[in-house]
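Right, one structure below, let's go through it.
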Amino acid sequence: MKRSTRQLQTAERLAGLRLRLTALLLALNILGLAGMGAVALVVDERQRAEAVTADLHRTASTAVALLYYDSGALLLDKLYDNAVAQGSTAVYVYEANRTDVSLVFAHPARLAVIPPPTLLGPARTVHAAGGEVSEAIRDERQEIVHLLAVPFRHADTGVIAGTVVAVADPGPGEAAHRRLAVALIVGGTAFTAMTCLGGYLLARRGTQPIADALTQQERFVADAAHELRTPLTVIRAVSEGALADPKAQPDALRRVIKATDRLTDAVAALLTRARLVAGLRHLERQRFRLDQLAEEVLTETVQPPHTATLHTEPTVTLGDPTLVRIALRNLIHNAVQHGRDAEAPAAITLTVAPGLVVVRDDGPGPAPGLPADGERFRPGSPTGTGLGLAIARWVADLHGGALRLTPAEGGGTEATLTLP
């Protein structure tokens, strides 16, 4: 239960880390998009205002150029024929008289009606003071339009003879501006969603090595507890019994030594596994005689009263002989310890062929329901095996091979180690 809780906490911490990384990326993306969108809208607004101002100046200057006098009378016929003066920008011409200015030409284009006093005021100002007047005014619908009033002069006397007023509707530009804003919002939202998904996938991929490392650490702790608990318990129990019964001390010492040997093997296996997982022990490939190595390990591991039968043929393998030795010793040791009935001596058969080592015992065989996948080689799992077989399986994986436990014909178990 503790291990499951620890794994759950680890998963929750990693999930929280991924969400925080995704949220950070999302916040940075939103800030960046919002900043760029704001800049784009401001630039577009300025360009739109500049375009309206340029159009007003172009229309007003064109209208002024088309005005002329003949026999002291202001003629407007050219305004009716010019495409600029008759275009989408409204044009009004006010001619000066003795006391005021009066409207003599009007091209309202398609703009809404503008109250006459609104146009007359700038016309009077320009006639009286000269220069230009540029301002924003409201039409009868109270919508803002842009106005530019410029003077025109009499060709003969050079005095200000009146005012040309040009009025532009910013509506089309504002509609384009709104479409740009909508496009930025929709595109930014879609891009943010894709970035959020991509950021989560990147965060998940980036934290996967951390998850693997934590999983390996948890398995190492669980394996250590599993492998060390039994021999330590035996040593304590036997020692307490020997203290209570001095006559049993010789037998107790032998049992303590046996449990100590098992403890030593477990510690060595744990250290080997930790070095393999941490990458401190790398695979050093070289050519070696697999049959000779297997024979040496068999001689060292199987001692009387246990017996061993060897079937080999000359086999050269490319791999790490040190790691393969550890794997073979674990397989043979596992067969000696568990491949026999009760206190009967173990009978081991070792077969070596090119890329293949088979260790067979005459024990009860694999436990019923033992899974066929890697779960069987996990010491902490309910259906798992010892740590020695787990290390043998890791060595096989490092060499691109496999380890299988299968029932042998006639009883017993066959552990098949393949080394391509």
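Residue numbers start at 1 in each chain; chains themselves are named A, B, ... in the order of the structure tokens; ligands are numbered from 1 in the order shown.
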DSSP strand (DSSP E) selection over region 38-286 of chain A, as a ChimeraX atom specification: /A:68-70,73-75,90-96,101-107,133-138,144-153,160-168,286
Close residues, region 157-159 of chain A itself excluded, 12 Å, only C-alpha atoms, min 6 positions apart in chain, as a list in words: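 Counting only the stated atoms, we get Tyr69, Gly72, Ala96, His127, Ala128, Ala129, Gly130 and Pro151 of chain A.
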Next, write the just-selected residues to a file, as a PDB file, in the first residue's frame, keeping C-alpha atoms as the atom set.
```
ATOM      1  CA  TYR A  69     -12.535  82.540 -62.458  1.00  0.00           C
ATOM      2  CA  GLY A  72     -14.842  87.745 -62.201  1.00  0.00           C
ATOM      3  CA  ALA A  96     -16.808  84.477 -49.897  1.00  0.00           C
ATOM      4  CA  HIS A 127     -11.774  82.324 -44.742  1.00  0.00           C
ATOM      5  CA  ALA A 128     -11.100  84.633 -41.837  1.00  0.00           C
ATOM      6  CA  ALA A 129      -7.724  83.312 -40.631  1.00  0.00           C
ATOM      7  CA  GLY A 130      -6.332  81.386 -43.581  1.00  0.00           C
ATOM      8  CA  PRO A 151      -8.733  78.080 -48.599  1.00  0.00           C
TER       9      PRO A 151
END
```
Separation of CA of Thr309 (chain A) from CA of Ala402 (chain A) in Å: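 Between CA of Ala402 (chain A) and CA of Thr309 (chain A) the gap is 23.2 Å.
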All alpha helix (DSSP H) positions in region 112-349 of chain A, as a ChimeraX atom specification: /A:116-129,171-244,249-278,290-301,321-338
Residue nearest Glu414 (chain A) - candidates A:Thr307, A:Gln249, A:Thr59, A:Thr349, atoms counted: only C-alpha atoms: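 The shortest atom-to-atom distance to Glu414 (chain A) comes from A:Thr349.
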